[in-house]
Structures are given as structure tokens and as C-alpha cells.
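S.K.: Input model27.csv, format and content: CSV, C-alpha atoms.
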```csv
chain,number,residue,atom,x,y,z
A,1,MET,CA,12.6,2.0,122.5
A,2,THR,CA,15.0,0.0,120.3
A,3,SER,CA,14.3,-0.1,116.6
A,4,LYS,CA,16.5,-2.6,114.8
A,5,ILE,CA,16.4,-0.3,111.7
A,6,ALA,CA,18.8,2.7,111.8
A,7,TYR,CA,17.5,6.1,110.6
A,8,GLU,CA,20.7,6.5,108.5
A,9,ASP,CA,20.1,3.3,106.7
A,10,VAL,CA,16.8,4.3,105.1
A,11,GLU,CA,15.9,6.6,102.3
A,12,VAL,CA,12.7,7.9,100.8
A,13,GLY,CA,11.5,5.0,98.7
A,14,THR,CA,13.0,2.3,100.9
A,15,GLU,CA,10.6,-0.6,100.7
A,16,LEU,CA,9.5,-2.6,103.8
A,17,PRO,CA,9.2,-6.3,103.5
A,18,ALA,CA,5.6,-7.0,102.2
A,19,GLN,CA,3.4,-9.5,104.0
A,20,THR,CA,0.2,-11.4,103.2
A,21,PHE,CA,-2.3,-12.0,106.0
A,22,PRO,CA,-4.9,-14.7,105.7
A,23,VAL,CA,-8.3,-14.1,107.2
A,24,THR,CA,-11.0,-16.7,107.6
A,25,ARG,CA,-14.4,-16.8,109.4
A,26,ALA,CA,-12.6,-18.4,112.4
A,27,THR,CA,-10.1,-15.4,112.4
A,28,LEU,CA,-13.1,-13.0,112.6
A,29,VAL,CA,-14.8,-14.9,115.4
A,30,ARG,CA,-11.5,-14.9,117.4
A,31,TYR,CA,-11.0,-11.2,116.7
A,32,ALA,CA,-14.6,-10.4,117.7
A,33,GLY,CA,-13.9,-12.0,121.1
A,34,ALA,CA,-10.5,-10.4,121.6
A,35,SER,CA,-11.7,-6.9,120.6
A,36,GLY,CA,-15.2,-7.0,122.0
A,37,ASP,CA,-16.7,-6.0,118.6
A,38,PHE,CA,-19.5,-8.4,118.0
A,39,ASN,CA,-21.2,-6.6,115.2
A,40,PRO,CA,-23.0,-9.4,113.3
A,41,ILE,CA,-21.8,-8.2,109.8
A,42,HIS,CA,-18.5,-9.8,110.8
A,43,TRP,CA,-19.8,-13.3,111.4
A,44,ASN,CA,-23.5,-13.6,110.3
A,45,GLU,CA,-24.0,-13.9,106.5
A,46,ARG,CA,-27.7,-13.5,106.7
A,47,PHE,CA,-27.4,-10.2,108.6
A,48,ALA,CA,-24.6,-9.0,106.4
A,49,ARG,CA,-26.7,-9.5,103.3
A,50,GLU,CA,-29.7,-7.9,104.9
A,51,VAL,CA,-27.8,-4.7,105.3
A,52,GLY,CA,-26.6,-4.8,101.7
A,53,LEU,CA,-23.2,-6.3,102.0
A,54,PRO,CA,-22.1,-9.1,99.5
A,55,ASP,CA,-21.1,-11.4,102.4
A,56,VAL,CA,-19.5,-11.3,105.9
A,57,ILE,CA,-16.7,-8.7,106.0
A,58,ALA,CA,-13.7,-8.4,108.2
A,59,HIS,CA,-13.5,-5.8,111.0
A,60,GLY,CA,-11.9,-2.7,109.6
A,61,MET,CA,-9.9,-2.6,112.8
A,62,PHE,CA,-8.6,-6.1,112.1
A,63,THR,CA,-7.3,-5.0,108.7
A,64,MET,CA,-5.7,-1.9,110.5
A,65,ALA,CA,-4.1,-4.2,113.0
A,66,GLU,CA,-2.6,-6.4,110.3
A,67,ALA,CA,-1.3,-3.5,108.1
A,68,ILE,CA,0.8,-2.0,110.9
A,69,ARG,CA,2.6,-5.4,111.3
A,70,VAL,CA,4.6,-4.6,108.2
A,71,VAL,CA,6.0,-1.6,110.2
A,72,THR,CA,6.3,-3.3,113.6
A,73,ASP,CA,7.9,-6.4,112.2
A,74,TRP,CA,10.4,-4.2,110.3
A,75,THR,CA,11.5,-2.2,113.3
A,76,GLY,CA,11.0,-5.0,115.9
A,77,ASP,CA,9.6,-2.5,118.4
A,78,PRO,CA,5.9,-1.8,118.2
A,79,GLY,CA,6.3,0.9,120.8
A,80,ALA,CA,8.2,3.0,118.3
A,81,VAL,CA,5.1,3.8,116.4
A,82,VAL,CA,4.3,7.5,116.9
A,83,ASP,CA,1.3,8.0,114.7
A,84,TYR,CA,-0.9,5.6,112.7
A,85,GLY,CA,-4.0,6.4,110.6
A,86,VAL,CA,-6.1,4.7,107.9
A,87,ARG,CA,-9.3,5.3,106.0
A,88,PHE,CA,-11.6,2.3,105.5
A,89,THR,CA,-12.2,2.4,101.7
A,90,LYS,CA,-13.5,-1.0,100.8
A,91,PRO,CA,-14.5,-4.0,102.9
A,92,VAL,CA,-12.5,-7.2,103.1
A,93,VAL,CA,-15.1,-9.8,102.0
A,94,VAL,CA,-14.5,-13.1,103.8
A,95,PRO,CA,-16.3,-16.1,102.2
A,96,ASN,CA,-17.4,-19.1,104.2
A,97,ASP,CA,-14.8,-21.6,103.0
A,98,ASP,CA,-11.4,-22.9,104.2
A,99,LYS,CA,-9.5,-20.2,102.4
A,100,GLY,CA,-11.2,-17.1,103.4
A,101,ALA,CA,-9.5,-13.9,102.1
A,102,LEU,CA,-6.0,-12.5,101.9
A,103,ILE,CA,-4.9,-9.0,102.9
A,104,GLU,CA,-1.7,-8.1,101.1
A,105,VAL,CA,0.2,-5.2,102.7
A,106,SER,CA,3.2,-3.4,101.4
A,107,GLY,CA,4.9,-0.2,102.6
A,108,LYS,CA,7.6,2.2,101.8
A,109,VAL,CA,9.3,5.2,103.4
A,110,ALA,CA,7.6,8.3,102.1
A,111,ALA,CA,9.5,10.9,104.1
A,112,LYS,CA,12.3,11.3,106.6
A,113,LEU,CA,11.2,13.5,109.5
A,114,ASP,CA,12.7,15.1,112.5
A,115,ASP,CA,13.8,13.2,115.6
A,116,ASN,CA,14.8,10.0,113.8
A,117,THR,CA,11.3,9.4,112.6
A,118,VAL,CA,10.1,8.4,109.2
A,119,ARG,CA,6.7,8.3,107.6
A,120,VAL,CA,5.8,5.0,106.0
A,121,ASP,CA,2.9,4.8,103.5
A,122,LEU,CA,1.1,1.5,103.5
A,123,THR,CA,-0.9,-0.2,100.8
A,124,ALA,CA,-3.4,-2.9,101.8
A,125,MET,CA,-5.2,-4.9,99.1
A,126,SER,CA,-7.7,-7.7,99.1
A,127,ALA,CA,-9.2,-9.4,96.1
A,128,GLY,CA,-7.5,-6.8,93.9
A,129,GLN,CA,-9.1,-3.9,95.7
A,130,LYS,CA,-7.5,-1.2,97.9
A,131,VAL,CA,-9.1,-1.8,101.3
A,132,LEU,CA,-7.3,1.0,103.2
A,133,GLY,CA,-6.7,4.6,102.0
A,134,MET,CA,-4.5,7.3,103.5
A,135,SER,CA,-2.8,4.5,105.4
A,136,ARG,CA,0.3,6.1,107.0
A,137,ALA,CA,2.4,5.5,110.0
A,138,VAL,CA,5.2,7.6,111.6
A,139,VAL,CA,7.8,5.5,113.4
A,140,ARG,CA,10.9,6.3,115.3
A,141,LEU,CA,14.0,4.5,114.1
A,142,GLY,CA,17.3,3.8,115.9
B,1,MET,CA,-31.7,15.1,109.6
B,2,ALA,CA,-28.3,16.9,110.1
B,3,LEU,CA,-26.7,16.7,113.5
B,4,ASP,CA,-26.7,19.7,115.7
B,5,GLN,CA,-23.5,21.7,115.2
B,6,SER,CA,-23.6,23.0,118.7
B,7,PHE,CA,-22.3,19.6,119.9
B,8,VAL,CA,-18.9,20.4,118.3
B,9,GLY,CA,-16.4,20.8,121.2
B,10,ARG,CA,-18.5,19.0,123.7
B,11,THR,CA,-16.4,16.8,126.0
B,12,TYR,CA,-17.9,13.9,127.9
B,13,PRO,CA,-16.9,12.9,131.5
B,14,PRO,CA,-13.9,10.5,131.7
B,15,THR,CA,-14.7,6.8,131.8
B,16,GLU,CA,-14.0,4.6,134.8
B,17,PRO,CA,-10.4,3.2,134.6
B,18,TYR,CA,-9.8,0.2,132.4
B,19,GLU,CA,-7.1,-2.0,133.8
B,20,VAL,CA,-4.9,-3.5,131.0
B,21,GLY,CA,-4.1,-7.1,131.7
B,22,ARG,CA,-1.3,-9.2,130.4
B,23,GLU,CA,-3.6,-12.0,129.3
B,24,LYS,CA,-5.9,-9.6,127.5
B,25,ILE,CA,-2.9,-8.3,125.5
B,26,ARG,CA,-1.9,-11.9,124.8
B,27,GLU,CA,-5.5,-12.7,123.6
B,28,PHE,CA,-5.5,-9.7,121.3
B,29,ALA,CA,-2.0,-10.4,119.9
B,30,GLU,CA,-3.0,-14.0,119.2
B,31,ALA,CA,-6.3,-12.9,117.5
B,32,VAL,CA,-4.3,-10.7,115.0
B,33,GLY,CA,-1.7,-13.5,114.6
B,34,ASP,CA,1.2,-11.3,115.9
B,35,THR,CA,3.9,-13.4,117.5
B,36,ASN,CA,6.2,-10.5,118.6
B,37,ALA,CA,7.4,-11.5,122.1
B,38,VAL,CA,7.1,-8.0,123.4
B,39,TYR,CA,3.3,-8.6,123.7
B,40,THR,CA,3.6,-11.8,125.7
B,41,ASP,CA,7.0,-12.0,127.4
B,42,PRO,CA,7.9,-9.5,130.1
B,43,GLU,CA,11.6,-10.2,129.7
B,44,ALA,CA,11.4,-9.4,126.0
B,45,ALA,CA,9.5,-6.2,126.8
B,46,LYS,CA,12.2,-5.3,129.3
B,47,ALA,CA,14.9,-5.9,126.7
B,48,LEU,CA,13.2,-3.1,124.7
B,49,GLY,CA,13.1,-0.8,127.7
B,50,TYR,CA,9.5,-1.4,128.8
B,51,SER,CA,8.5,-2.2,132.4
B,52,ASP,CA,6.0,-4.9,131.3
B,53,VAL,CA,4.5,-6.3,128.1
B,54,ILE,CA,3.1,-3.7,125.8
B,55,ALA,CA,-0.1,-3.9,123.6
B,56,PRO,CA,-0.2,-3.9,119.8
B,57,PRO,CA,-0.8,-0.4,118.4
B,58,THR,CA,-4.5,-0.8,117.7
B,59,PHE,CA,-5.4,-2.6,121.0
B,60,VAL,CA,-6.5,0.6,122.6
B,61,PHE,CA,-9.4,1.0,120.1
B,62,SER,CA,-11.5,-1.4,122.1
B,63,ILE,CA,-11.3,1.0,125.0
B,64,THR,CA,-11.7,4.3,123.2
B,65,PHE,CA,-14.6,2.9,121.1
B,66,ARG,CA,-16.4,1.8,124.2
B,67,ALA,CA,-15.9,5.3,125.6
B,68,ALA,CA,-17.2,6.8,122.3
B,69,GLY,CA,-20.5,5.0,123.1
B,70,GLN,CA,-21.2,8.0,125.4
B,71,VAL,CA,-21.3,10.2,122.3
B,72,VAL,CA,-22.9,7.7,119.9
B,73,GLU,CA,-25.7,6.9,122.3
B,74,ASP,CA,-26.2,10.4,123.5
B,75,PRO,CA,-30.0,10.8,122.9
B,76,GLN,CA,-29.6,14.6,122.6
B,77,LEU,CA,-27.2,14.2,119.7
B,78,GLY,CA,-29.5,11.7,118.0
B,79,LEU,CA,-27.0,9.7,115.9
B,80,ASP,CA,-28.7,6.8,114.2
B,81,TYR,CA,-26.2,4.0,115.1
B,82,SER,CA,-27.8,1.5,112.8
B,83,ARG,CA,-26.6,3.5,109.8
B,84,VAL,CA,-23.1,4.1,111.2
B,85,VAL,CA,-19.9,2.9,109.5
B,86,HIS,CA,-16.3,3.5,110.6
B,87,GLY,CA,-14.8,5.9,108.1
B,88,ASP,CA,-11.3,6.8,109.4
B,89,GLN,CA,-9.2,5.8,112.4
B,90,LYS,CA,-6.0,7.5,113.6
B,91,PHE,CA,-3.9,7.2,116.7
B,92,ALA,CA,-1.2,9.6,118.1
B,93,TYR,CA,0.9,7.8,120.6
B,94,ARG,CA,2.9,9.3,123.5
B,95,ARG,CA,4.0,5.8,124.6
B,96,PRO,CA,2.7,2.3,124.1
B,97,VAL,CA,-0.1,1.0,126.3
B,98,ARG,CA,1.3,-1.6,128.7
B,99,ALA,CA,0.1,-4.2,131.1
B,100,GLY,CA,-0.8,-2.7,134.5
B,101,ASP,CA,-2.0,0.6,133.0
B,102,ARG,CA,-5.2,1.9,134.4
B,103,LEU,CA,-6.6,4.0,131.6
B,104,THR,CA,-9.4,6.5,131.4
B,105,VAL,CA,-10.8,7.9,128.2
B,106,THR,CA,-12.2,11.4,127.7
B,107,SER,CA,-14.2,11.7,124.5
B,108,THR,CA,-14.6,15.0,122.7
B,109,ILE,CA,-16.7,15.8,119.6
B,110,GLU,CA,-14.1,17.4,117.2
B,111,ALA,CA,-16.2,18.0,114.2
B,112,ILE,CA,-19.7,17.4,112.7
B,113,LYS,CA,-20.2,17.6,109.0
B,114,SER,CA,-22.9,16.8,106.5
B,115,LEU,CA,-21.6,15.3,103.3
B,116,ALA,CA,-24.0,14.3,100.5
B,117,GLY,CA,-26.7,13.7,103.1
B,118,ASN,CA,-24.4,11.6,105.4
B,119,ASP,CA,-23.6,12.8,108.9
B,120,VAL,CA,-19.9,12.7,109.6
B,121,ILE,CA,-18.7,12.9,113.2
B,122,ASP,CA,-15.1,13.1,114.4
B,123,ILE,CA,-14.7,11.8,118.0
B,124,ARG,CA,-11.3,12.2,119.8
B,125,GLY,CA,-10.6,9.9,122.7
B,126,ASP,CA,-7.8,11.1,124.9
B,127,VAL,CA,-6.4,8.2,126.9
B,128,HIS,CA,-4.7,9.0,130.2
B,129,ASP,CA,-2.9,6.8,132.7
B,130,GLU,CA,-3.3,6.7,136.5
B,131,ALA,CA,-0.7,9.5,136.8
B,132,GLY,CA,-2.9,11.7,134.5
B,133,GLU,CA,-0.3,11.5,131.7
B,134,LEU,CA,-1.6,11.3,128.1
B,135,VAL,CA,-0.8,7.9,126.6
B,136,VAL,CA,-2.5,8.0,123.3
B,137,SER,CA,-5.2,10.0,121.4
B,138,ALA,CA,-7.6,8.1,119.1
B,139,LEU,CA,-9.4,10.0,116.4
B,140,THR,CA,-12.5,8.1,115.1
B,141,LYS,CA,-14.5,9.3,112.1
B,142,LEU,CA,-18.0,7.8,112.0
B,143,VAL,CA,-20.3,8.1,109.0
B,144,ALA,CA,-24.0,7.8,109.4
B,145,ARG,CA,-25.3,7.1,105.9
B,146,ALA,CA,-28.3,9.0,104.7
B,147,ALA,CA,-31.4,6.9,105.2
B,148,ASP,CA,-32.0,6.4,101.5
B,149,ALA,CA,-28.3,6.0,100.5
B,150,ALA,CA,-26.9,2.8,98.9
B,151,GLU,CA,-25.7,0.5,101.5
B,152,GLY,CA,-22.5,-1.5,101.7
B,153,GLU,CA,-19.6,0.1,103.4
B,154,ALA,CA,-16.8,-1.2,105.6
```
Would you write the structure of this file as C-alpha cells?

M.R.:
Amino acid sequence: MTSKIAYEDVEVGTELPAQTFPVTRATLVRYAGASGDFNPIHWNERFAREVGLPDVIAHGMFTMAEAIRVVTDWTGDPGAVVDYGVRFTKPVVVPNDDKGALIEVSGKVAAKLDDNTVRVDLTAMSAGQKVLGMSRAVVRLG
Amino acid sequence: MALDQSFVGRTYPPTEPYEVGREKIREFAEAVGDTNAVYTDPEAAKALGYSDVIAPPTFVFSITFRAAGQVVEDPQLGLDYSRVVHGDQKFAYRRPVRAGDRLTVTSTIEAIKSLAGNDVIDIRGDVHDEAGELVVSALTKLVARAADAAEGEA
């Protein structure tokens, strides 16, 4: 494992480069195929509304996959992630237009731990709402 | 109806091996828009010390969730899957999943709770490689909403 970030170079409070991830209906169809999660709430408006959702929503696991990219793009080595957890607090609603939705992810170092690892706390927002809670990763640095 | 607490601690038989393919990893990385070469280029993976391309951190969920089907669909447990939403997800990694891995999943019911009429179940999926070494543990919290609860969760 080869992280391009050195443990010595980060402090509690160090901010990771924030990123914004677009998600459209086409993104969700592609993710459904790649992940094998074909739940119709992620592609069928009629079904989504029938179960009380405002519209089609993104897979929670899609949002989780995007959020960790702020960490893996920072370190360069996705294999350096030791722990990663999230709570799905609000859905990412994806309208049927060309723009879709945006998932905005930021992260900062919350603790320096043993063995060259740090805990990064992530924040993921969409349409002004926090879509992930307790979103934390432990990652080993160089 | 609350779920039977006696299921806590129950472990289900390991799944048949899932063979991780390079092209499946590529498909997943493209689906999440991640262009890190360590997912698609074996040379880039070797430069980071891996014997083959590795999978993005959440890739393994497809495998553990399928395995969790044994629990979710256990008629004796009686979880109403039509009311289930994904509450929390955690992964504890020993090493990244990589192409060529043959992975089996052993699912265990860690906890069953009843909160405000909702059934909450924690399922741990321990993922082992062909050598029997633990690769990653996935902890999945599922919430089955009470039949009369307001709908609309992630």
C-alpha cells in the first residue's frame, strides 16, 4: 500500500479536496446493472411514488461509493481504506431531466490514530440536505 | 410483529465462491465514475503493491448483500422485505478485494431490535478468500418499517 499523503503532513482538521458528483437516471441504470441492485425505486418513477417516495432515488450504495472517492482520490490508494461506514439519512432524489442531482462531498481529518491511520469524517449533501450521517473512514497513510 | 430474538447469533452456511473478475471490477468502477487506474490496469495495481487490479471499497456489497438474502428470506425469521430499507452500512477491511479472488460469505445475525414499531436487524457478512483468510467484514443494518409507518426512506 502506497498512500501519497504522509501521516506527518496531516493534522486534525486537515481538509480533503471536496468533490461534486453528478447523478442522472442514466447513472442509476448503469449502477443497477453493475451492482445487481434492480430495485425499481431507483429507475421507475411510478413505483417510487407508489411506495411514498417523491421521485426516483439513487441507490444508497451509489452515494456511499461516491463519498469514499474523496478519501481514495486524496490518498491515491483505495486499498489503504481500513474501515468505512455510513448511515443513510435522506434519499438523493434524481429527477428525470438532463441534470439529475448533485452529491457534494467534503471531508476532514477528525483524529490521528495508531499505525499511521487517520479517521476522516465525510459530509455528503444533495439539494441542501445531508444524505449520509455518521459517515466515517479510517485510512492508512504513508 | 417483532422478530424473534432467538435468531440473534445465528450463522448461516457459507455461500458458494464468487470469483472476482477484472471486467466486473472495471464495470463497477465505470458505473461509479471512478477512473483510478488501480481498478483497471494490472500494472498500476502492481505499482501499488497488489498482484492484480483491486476493487473499489464498496464493490463487495453486491456479494455480501446477495449472501444476506439467506437471512432476509429465511421464512422462519419472517422479515417483511417489502418494507425493508437500508439503514447503515459499514465495512472493516483486512485487505482490498482483488481480481482472481474466490470469495465466500458467512452471514451472521448480530442484533435484532424493535424501535418505534420498526424491526431493526444487523447482519454481519464475513468474506473469506480461498485460503480461508478474512478479507472484509460487512455490517448491514436493515430497517423493516412498521406496517402503518409513514413511508419514504432511502

S.K.: Out of A:Pro91, A:Gly52, A:Gly79, A:Gly133, which residue has the shortest atom-to-atom distance to Lys90 (chain B) when counting all atoms listed in the file?

M.R.: A:Gly133

S.K.: Do you have, as JSON lines, the list of residues of chain B lying at most 9 Å from chain A, each with its nearest atom pair and that distance in Å to one decimal, counting only C-alpha atoms and ordered by chain then number?

M.R.:
```
{"residue": "B:Lys24", "atom": "CA", "partner": "A:Ala34", "partner_atom": "CA", "distance": 7.5}
{"residue": "B:Ile25", "atom": "CA", "partner": "A:Ala34", "partner_atom": "CA", "distance": 8.8}
{"residue": "B:Glu27", "atom": "CA", "partner": "A:Ala34", "partner_atom": "CA", "distance": 5.9}
{"residue": "B:Phe28", "atom": "CA", "partner": "A:Ala34", "partner_atom": "CA", "distance": 5.1}
{"residue": "B:Ala29", "atom": "CA", "partner": "A:Ala34", "partner_atom": "CA", "distance": 8.7}
{"residue": "B:Glu30", "atom": "CA", "partner": "A:Ala34", "partner_atom": "CA", "distance": 8.7}
{"residue": "B:Ala31", "atom": "CA", "partner": "A:Tyr31", "partner_atom": "CA", "distance": 5.1}
{"residue": "B:Val32", "atom": "CA", "partner": "A:Glu66", "partner_atom": "CA", "distance": 6.6}
{"residue": "B:Gly33", "atom": "CA", "partner": "A:Glu66", "partner_atom": "CA", "distance": 8.3}
{"residue": "B:Asp34", "atom": "CA", "partner": "A:Arg69", "partner_atom": "CA", "distance": 7.6}
{"residue": "B:Asn36", "atom": "CA", "partner": "A:Gly76", "partner_atom": "CA", "distance": 7.8}
{"residue": "B:Val38", "atom": "CA", "partner": "A:Asp77", "partner_atom": "CA", "distance": 7.8}
{"residue": "B:Ala47", "atom": "CA", "partner": "A:Thr2", "partner_atom": "CA", "distance": 8.7}
{"residue": "B:Leu48", "atom": "CA", "partner": "A:Met1", "partner_atom": "CA", "distance": 5.6}
{"residue": "B:Gly49", "atom": "CA", "partner": "A:Met1", "partner_atom": "CA", "distance": 5.9}
{"residue": "B:Tyr50", "atom": "CA", "partner": "A:Met1", "partner_atom": "CA", "distance": 7.8}
{"residue": "B:Ile54", "atom": "CA", "partner": "A:Gly79", "partner_atom": "CA", "distance": 7.5}
{"residue": "B:Ala55", "atom": "CA", "partner": "A:Pro78", "partner_atom": "CA", "distance": 8.3}
{"residue": "B:Pro56", "atom": "CA", "partner": "A:Pro78", "partner_atom": "CA", "distance": 6.6}
{"residue": "B:Pro57", "atom": "CA", "partner": "A:Pro78", "partner_atom": "CA", "distance": 6.8}
{"residue": "B:Thr58", "atom": "CA", "partner": "A:Ala65", "partner_atom": "CA", "distance": 5.8}
{"residue": "B:Phe59", "atom": "CA", "partner": "A:Ser35", "partner_atom": "CA", "distance": 7.6}
{"residue": "B:Phe61", "atom": "CA", "partner": "A:Met61", "partner_atom": "CA", "distance": 8.2}
{"residue": "B:Ser62", "atom": "CA", "partner": "A:Ser35", "partner_atom": "CA", "distance": 5.7}
{"residue": "B:His86", "atom": "CA", "partner": "A:Phe88", "partner_atom": "CA", "distance": 7.0}
{"residue": "B:Gly87", "atom": "CA", "partner": "A:Phe88", "partner_atom": "CA", "distance": 5.5}
{"residue": "B:Asp88", "atom": "CA", "partner": "A:Arg87", "partner_atom": "CA", "distance": 4.2}
{"residue": "B:Gln89", "atom": "CA", "partner": "A:Gly85", "partner_atom": "CA", "distance": 5.5}
{"residue": "B:Lys90", "atom": "CA", "partner": "A:Gly85", "partner_atom": "CA", "distance": 3.8}
{"residue": "B:Phe91", "atom": "CA", "partner": "A:Tyr84", "partner_atom": "CA", "distance": 5.2}
{"residue": "B:Ala92", "atom": "CA", "partner": "A:Asp83", "partner_atom": "CA", "distance": 4.5}
{"residue": "B:Tyr93", "atom": "CA", "partner": "A:Val82", "partner_atom": "CA", "distance": 5.0}
{"residue": "B:Arg94", "atom": "CA", "partner": "A:Val82", "partner_atom": "CA", "distance": 7.0}
{"residue": "B:Arg95", "atom": "CA", "partner": "A:Gly79", "partner_atom": "CA", "distance": 6.6}
{"residue": "B:Pro96", "atom": "CA", "partner": "A:Gly79", "partner_atom": "CA", "distance": 5.1}
{"residue": "B:Val97", "atom": "CA", "partner": "A:Gly79", "partner_atom": "CA", "distance": 8.4}
{"residue": "B:Leu139", "atom": "CA", "partner": "A:Gly85", "partner_atom": "CA", "distance": 8.7}
{"residue": "B:Lys141", "atom": "CA", "partner": "A:Arg87", "partner_atom": "CA", "distance": 9.0}
{"residue": "B:Ala150", "atom": "CA", "partner": "A:Gly52", "partner_atom": "CA", "distance": 8.1}
{"residue": "B:Glu151", "atom": "CA", "partner": "A:Gly52", "partner_atom": "CA", "distance": 5.4}
{"residue": "B:Gly152", "atom": "CA", "partner": "A:Leu53", "partner_atom": "CA", "distance": 4.9}
{"residue": "B:Glu153", "atom": "CA", "partner": "A:Pro91", "partner_atom": "CA", "distance": 6.6}
{"residue": "B:Ala154", "atom": "CA", "partner": "A:Pro91", "partner_atom": "CA", "distance": 4.5}
```

S.K.: For C-alpha atoms, I'd like the residues from the last selection saved as a compact mmCIF listing (two decimals), in the frame of the given file.

M.R.:
```txt
# COMPACT_ATOMS: atom_id res chain seq x y z
CA LYS B 24 -5.90 -9.60 127.50
CA ILE B 25 -2.90 -8.30 125.50
CA GLU B 27 -5.50 -12.70 123.60
CA PHE B 28 -5.50 -9.70 121.30
CA ALA B 29 -2.00 -10.40 119.90
CA GLU B 30 -3.00 -14.00 119.20
CA ALA B 31 -6.30 -12.90 117.50
CA VAL B 32 -4.30 -10.70 115.00
CA GLY B 33 -1.70 -13.50 114.60
CA ASP B 34 1.20 -11.30 115.90
CA ASN B 36 6.20 -10.50 118.60
CA VAL B 38 7.10 -8.00 123.40
CA ALA B 47 14.90 -5.90 126.70
CA LEU B 48 13.20 -3.10 124.70
CA GLY B 49 13.10 -0.80 127.70
CA TYR B 50 9.50 -1.40 128.80
CA ILE B 54 3.10 -3.70 125.80
CA ALA B 55 -0.10 -3.90 123.60
CA PRO B 56 -0.20 -3.90 119.80
CA PRO B 57 -0.80 -0.40 118.40
CA THR B 58 -4.50 -0.80 117.70
CA PHE B 59 -5.40 -2.60 121.00
CA PHE B 61 -9.40 1.00 120.10
CA SER B 62 -11.50 -1.40 122.10
CA HIS B 86 -16.30 3.50 110.60
CA GLY B 87 -14.80 5.90 108.10
CA ASP B 88 -11.30 6.80 109.40
CA GLN B 89 -9.20 5.80 112.40
CA LYS B 90 -6.00 7.50 113.60
CA PHE B 91 -3.90 7.20 116.70
CA ALA B 92 -1.20 9.60 118.10
CA TYR B 93 0.90 7.80 120.60
CA ARG B 94 2.90 9.30 123.50
CA ARG B 95 4.00 5.80 124.60
CA PRO B 96 2.70 2.30 124.10
CA VAL B 97 -0.10 1.00 126.30
CA LEU B 139 -9.40 10.00 116.40
CA LYS B 141 -14.50 9.30 112.10
CA ALA B 150 -26.90 2.80 98.90
CA GLU B 151 -25.70 0.50 101.50
CA GLY B 152 -22.50 -1.50 101.70
CA GLU B 153 -19.60 0.10 103.40
CA ALA B 154 -16.80 -1.20 105.60
```

S.K.: Mind pulling up the distance from CA of Val84 (chain B) to CA of Lys99 (chain A)?

M.R.: 29.2 Å

S.K.: To one decimal in Å, tell me the separation between CA of Ala99 (chain B) and CA of Ile123 (chain B).

M.R.: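 Computing it gives 25.4 Å between the two atoms.
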
S.K.: Please provide the set of residues having any atom within 12 Å of Ala147 (chain B), restricted to only C-alpha atoms, with same-chain residues fewer than 4 positions apart removed, written as JSON, numbers by chain.

M.R.: {"B": [1, 2, 79, 80, 81, 82, 83, 84, 116, 117, 118, 119, 143, 151]}

S.K.: Quick one: of A:Ala67, A:Ala18, A:Ala6, A:Ala101, who's nearest to Gly142 (chain A), counting all atoms listed in the file?

M.R.: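 Residue with the minimum atom-to-atom distance to Gly142 (chain A): A:Ala6.
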
S.K.: Provide the CA of Arg140 (chain A) to CA of Val71 (chain A) distance in Å, to one decimal place.

M.R.: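 So the two atoms, CA of Arg140 (chain A) and CA of Val71 (chain A), lie 10.6 Å apart.
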
S.K.: For Ser51 (chain B), work out the shell of residues within 10 Å, counting only C-alpha atoms and skipping chain neighbours fewer than 5 positions away, then give it as a list in words.

M.R.: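 What passes the distance filter is Pro42, Glu43, Ala45, Lys46, Arg98, Ala99 and Gly100 of chain B.
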
S.K.: For a quick check of understanding, using all atoms listed in the file, which of A:Gln129, A:Asn96, A:Thr123, A:Thr20 has the smallest distance to Asn44 (chain A)?

M.R.: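 With all atoms listed in the file as the atom set, the closest residue is A:Asn96.
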
S.K.: Between A:Asp55, A:Arg46, A:Thr24, A:Pro17, which one has atoms that come closest to Ile103 (chain A), using all atoms listed in the file?

M.R.: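 Closest candidate: A:Thr24.
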
S.K.: Name all residues at most 7 Å from Pro14 (chain B) (count only C-alpha atoms; drop same-chain ones fewer than 6 positions away) and give them as number ranges by chain.

M.R.: B: 104-106

S.K.: Dump C-alpha atoms for the selected residues as a PDB file, keeping the file's coordinate frame?

M.R.:
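Below you can see again-v7.pdb, which holds the result:
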```
ATOM      1  CA  THR B 104      -9.400   6.500 131.400  1.00  0.00           C
ATOM      2  CA  VAL B 105     -10.800   7.900 128.200  1.00  0.00           C
ATOM      3  CA  THR B 106     -12.200  11.400 127.700  1.00  0.00           C
TER       4      THR B 106
END
```

S.K.: Using N, CA and C atoms, give me region 5-17 of chain A from the structure I just pasted, as a compact mmCIF listing (two decimals), in the first residue's frame.

M.R.:
```
# COMPACT_ATOMS: atom_id res chain seq x y z
N ILE A 5 -0.18 10.54 0.61
CA ILE A 5 -0.24 11.51 1.72
C ILE A 5 0.53 10.93 2.90
N ALA A 6 1.41 11.73 3.48
CA ALA A 6 2.19 11.26 4.63
C ALA A 6 1.47 11.59 5.93
N TYR A 7 1.52 10.63 6.85
CA TYR A 7 0.87 10.78 8.16
C TYR A 7 1.36 12.07 8.85
N GLU A 8 2.65 12.34 8.72
CA GLU A 8 3.24 13.51 9.40
C GLU A 8 2.66 14.82 8.85
N ASP A 9 2.20 14.77 7.61
CA ASP A 9 1.77 16.02 6.96
C ASP A 9 0.32 16.40 7.24
N VAL A 10 -0.41 15.55 7.96
CA VAL A 10 -1.80 15.89 8.23
C VAL A 10 -2.01 16.15 9.72
N GLU A 11 -2.98 17.00 10.00
CA GLU A 11 -3.36 17.31 11.38
C GLU A 11 -4.86 17.14 11.51
N VAL A 12 -5.30 17.04 12.75
CA VAL A 12 -6.74 17.06 12.97
C VAL A 12 -7.27 18.37 12.41
N GLY A 13 -8.28 18.28 11.56
CA GLY A 13 -8.82 19.47 10.92
C GLY A 13 -8.37 19.65 9.48
N THR A 14 -7.33 18.90 9.06
CA THR A 14 -6.91 18.97 7.66
C THR A 14 -8.09 18.64 6.75
N GLU A 15 -8.35 19.53 5.79
CA GLU A 15 -9.49 19.28 4.88
C GLU A 15 -9.03 18.55 3.63
N LEU A 16 -9.84 17.59 3.21
CA LEU A 16 -9.58 16.88 1.97
C LEU A 16 -10.22 17.67 0.83
N PRO A 17 -9.67 17.58 -0.38
CA PRO A 17 -10.31 18.27 -1.50
C PRO A 17 -11.76 17.79 -1.69
```
